[in-house]
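Participant: Would you mind keeping the following structure in view while I ask a few things?
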Amino acid sequence: MNASAWPLLELSTKLLDPEEREVVLGDLLETHATAWRGLLDIFSLVMHRRAGLWRDPRPWVAGFVVALPSSYLLMGASSSVTCTYQRLMHHRVFVEHSPTGHEGFLLLLCHVLLLIAWSWAAGYTVGSVSRRTLWASVVLAAVPSLNFLCAPVSGLCLLLFLPPAMLGVWRGWQGSRISFRAASVFALTVTVLMISAWTNDALWIANWALLCPAWYLVARARRSRPNGGDGFWPMRHARAQ
Amino acid sequence: MLGEFEYVLITTAAGLGENAYGVAIRDEIEASIQRTCSMGALYTTIDRLEAKGLLKTWVGDATPQRGGRGKRMVRVTPHGVRAAKQFYDSVLRISRGASWVETRMGGTS
């Protein structure tokens with residue numbers, strides 16, 4: 001093998017798991033494969049591995065069932081919060097870009113809290129359901145931004161949901177555990193806030209879909225509950241043991 | 001039931017015995033079926049067969065000719081032997097009466 005091509009092959013194998021990388025590099029050295037054959041081999045393996053991930057339903061669920069619709073709804077919610085804020089603080093009215101256009105400060109606060117909670121829960125779900133195809137979920141989450149190009153508010157205002165969502169994705173991707181009780185309190189709080197906003201006509205019906213990630217957290221926490229223990233704060237629970 | 005390539009891989013690994021590992025299996029397959037076998041097809045098939053319990057793999061000792069890197073050793077499990085035999089029997093059964101089989105039998109007898 002051409003020695004100058006070796007660094008390129010080594011770099012390509014970074015797309016593989018560390019253990020497999022070593023085996024593949026060893027195989028290439030042993031067979032004295034040409035650089036071209038080596039690259040083809042590595043990319044065929046990478047493609048097989050990547051394609052194999054999509055045989056599982058989880059990447060599809062994370063991308064098409066959670067990331068794409070959640071991102072669309074959260075952009076709408078960000079826009080709504082921005083419009084309400086502008087109306088209350090600067091008396092600027094954006095027709096048809098707020099559920100009622102009559103929300104007060106209390107409902108604005110409720111919306112802000114809901115936006116943070118929805119975003120974090122959706123991000124956590126996307127990050128935890130399919131970690132290895134996170135890039136695809138992120139790409140799908142960016143798609144709805146095309147629909148909001150003509151929105152009356154600035155692009156940054158549409159992305160209000162991003163910081164909590166990214167935090168959620170990070171926590172989910174890391175596999176952070178949430179205690180069953182904390183997840184239940186979180187989901188119940190979100191539900192109560194949503195009912196409160198709904199009864200004041202300050203919620204779109206589609207926003208109810210954003211409740212699913214919050215209850216997914218409860219189901220996930222319940223499934224991974226160790227021996228039925230359910231400490232409210234994970235740290236305190238760990239210390240008690 | 002096994003797929004065609006799965007059967008080829010199990011049979012090749014069984015034939016190589018203690019020396020069955022990635023490169024050796026690939027060389028043997030390419031020599032016997034006269035077709036290029038990509039590393040992607042080889043290792044993903046090995047993974048699939050291992051998941052079905054038909055193969056067992058582990059990383060073997062490092063060798064100098066591999067730059068101090070280990071081989072992915074392969075061993076066919078008893079379950080794998082049964083599956084390969086079942087595939088072979090099925091091919092024999094289904095081939096009975098096929099025109100090319102008769103021609104061959106006629107030629108050799």
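Residue names in the structure tokens use chain letters A, B, ... in the order shown, residue numbers from 1 in each chain, and ligand numbers from 1 in the order shown.
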Could you pull out the strand (DSSP E) residues of region 6-73 of chain B from DSSP and send them as a list in words?
Facilitator: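 After running DSSP on the backbone, region 6-73 of chain B has strand (DSSP E) at Leu55, Lys56, Thr57, Trp58, Val59, Gly60, Asp61, Ala62, Thr63, Arg69, Gly70, Lys71, Arg72 and Met73 of chain B.
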Participant: Tell me as number ranges by chain which residues belonging to chain A come within 12 Å of chain B, counting only C-alpha atoms.
Facilitator: A: 16, 18-33, 37-53
Participant: Restricting the output to C-alpha atoms, write the selected residues as an mmCIF file, in the first residue's frame.
Facilitator:
data_model
loop_
_atom_site.group_PDB
_atom_site.id
_atom_site.type_symbol
_atom_site.label_atom_id
_atom_site.label_comp_id
_atom_site.auth_asym_id
_atom_site.auth_seq_id
_atom_site.Cartn_x
_atom_site.Cartn_y
_atom_site.Cartn_z
ATOM 1 C CA LEU A 16 -16.190 3.201 12.601
ATOM 2 C CA PRO A 18 -12.890 2.034 17.896
ATOM 3 C CA GLU A 19 -12.710 -1.766 18.199
ATOM 4 C CA GLU A 20 -13.804 -2.338 14.612
ATOM 5 C CA ARG A 21 -11.411 0.377 13.427
ATOM 6 C CA GLU A 22 -8.419 -1.565 14.738
ATOM 7 C CA VAL A 23 -9.561 -4.815 13.123
ATOM 8 C CA VAL A 24 -10.198 -3.136 9.763
ATOM 9 C CA LEU A 25 -6.832 -1.343 9.741
ATOM 10 C CA GLY A 26 -5.162 -4.649 10.586
ATOM 11 C CA ASP A 27 -7.032 -6.355 7.719
ATOM 12 C CA LEU A 28 -5.925 -3.658 5.276
ATOM 13 C CA LEU A 29 -2.297 -3.965 6.350
ATOM 14 C CA GLU A 30 -2.379 -7.739 6.095
ATOM 15 C CA THR A 31 -3.927 -7.845 2.636
ATOM 16 C CA HIS A 32 -1.622 -5.137 1.217
ATOM 17 C CA ALA A 33 -4.720 -3.676 -0.414
ATOM 18 C CA ARG A 37 -9.556 -0.824 -2.582
ATOM 19 C CA GLY A 38 -8.923 0.084 1.052
ATOM 20 C CA LEU A 39 -11.081 3.199 0.794
ATOM 21 C CA LEU A 40 -13.843 1.260 -0.967
ATOM 22 C CA ASP A 41 -13.731 -1.373 1.768
ATOM 23 C CA ILE A 42 -13.949 1.172 4.552
ATOM 24 C CA PHE A 43 -16.773 3.121 2.932
ATOM 25 C CA SER A 44 -18.717 -0.061 2.125
ATOM 26 C CA LEU A 45 -18.487 -1.036 5.775
ATOM 27 C CA VAL A 46 -19.481 2.445 6.952
ATOM 28 C CA MET A 47 -22.437 2.490 4.547
ATOM 29 C CA HIS A 48 -23.580 -0.965 5.667
ATOM 30 C CA ARG A 49 -23.346 0.129 9.304
ATOM 31 C CA ARG A 50 -25.211 3.398 8.729
ATOM 32 C CA ALA A 51 -27.898 1.716 6.608
ATOM 33 C CA GLY A 52 -28.264 -0.999 9.244
ATOM 34 C CA LEU A 53 -29.250 1.615 11.832
#
Participant: Go ahead and compute the interatomic distance for CA of Ser196 (chain A) and CA of Ser71 (chain A), in Å to one decimal.
Facilitator: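 Value for the CA of Ser196 (chain A)-CA of Ser71 (chain A) distance: 22.8 Å.
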Participant: I'd like the neighbourhood of Ala142 (chain A) as a list of chain:residue names, where a residue qualifies if any of its atoms comes within 9 Å (using only C-alpha atoms), though same-chain residues fewer than 4 positions away should be ignored.
Facilitator: A:Ala67, A:Leu68, A:Ser71, A:Tyr72, A:Ser137, A:Val138, A:Leu146
Participant: Can you list, as a PDB file with C-alpha atoms, in the first residue's frame, every protein, DNA or RNA residue that comes within 9 Å of Gly17 (chain B) when you count only C-alpha atoms, leaving out same-chain residues fewer than 2 positions away?
Facilitator:
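What landed in result.pdb:
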ATOM      1  CA  THR B  12     -16.096 -21.092   4.644  1.00  0.00           C
ATOM      2  CA  ALA B  13     -15.592 -20.315   8.341  1.00  0.00           C
ATOM      3  CA  ALA B  14     -16.257 -23.960   9.248  1.00  0.00           C
ATOM      4  CA  GLY B  15     -13.726 -25.078   6.625  1.00  0.00           C
ATOM      5  CA  ASN B  19      -7.866 -20.033  11.273  1.00  0.00           C
ATOM      6  CA  ALA B  20     -11.207 -18.452  10.476  1.00  0.00           C
ATOM      7  CA  VAL B  74     -14.847 -16.469  13.934  1.00  0.00           C
ATOM      8  CA  ARG B  75     -16.153 -19.819  15.109  1.00  0.00           C
ATOM      9  CA  VAL B  76     -19.302 -21.573  13.882  1.00  0.00           C
TER      10      VAL B  76
END
Participant: Check the smallest atom-to-atom distance from each of A:Met194, A:Ala183, A:Ala219, A:Ala214 to Cys110 (chain A) using only C-alpha atoms, then report the winner.
Facilitator: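 Of A:Met194, A:Ala183, A:Ala219, A:Ala214, the one nearest Cys110 (chain A), counting only C-alpha atoms, is A:Met194.
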Participant: So how far away is CA of Gly168 (chain A) from CA of Arg55 (chain A), in Å?
Facilitator: 25.4 Å
Participant: Between B:Val101, B:Ala83, B:Val91, B:Val8, which one has atoms that come closest to Ile33 (chain B), using only C-alpha atoms?
Facilitator: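 Among the listed residues, B:Val8 lies closest to Ile33 (chain B).
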Participant: As an exercise, work out the distance from CA of Leu54 (chain B) to CA of Thr77 (chain B) in Å and give it to one decimal place.
Facilitator: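 Computed distance, CA of Leu54 (chain B) to CA of Thr77 (chain B), equals 5.4 Å.
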Participant: Under the rule that only C-alpha atoms are counted, which of A:Leu11, A:Leu107, A:Val143, A:Ala122 is the nearest residue to Ala62 (chain A)?
Facilitator: A:Ala122
Participant: Please determine, counting only C-alpha atoms, which residue among A:His91, A:Arg177, A:Arg58, A:Arg171 has the shortest atom-to-atom distance to Ala136 (chain A).
Facilitator: A:Arg58
Participant: I'd like to know which of A:Arg87, A:Lys14, A:Arg223, A:Arg131 is closest to Gly63 (chain A), using only C-alpha atoms.
Facilitator: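 Ranked by minimum distance to Gly63 (chain A), first place goes to A:Arg131.
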Participant: Considering only alpha helix (DSSP H) as DSSP defines it on the backbone, what residues of region 31-135 of chain A qualify? List them as a PyMOL selection string.
Facilitator: chain A and resi 31+35-53+57-60+68-90+105-129+134-135
Participant: Which residues, written as a VMD selection string, have at least one atom at most 9 Å from Met1 (chain B), with only C-alpha atoms counted and residues fewer than 4 positions away on the same chain left out?
Facilitator: chain B and resid 83 to 84 86 to 87
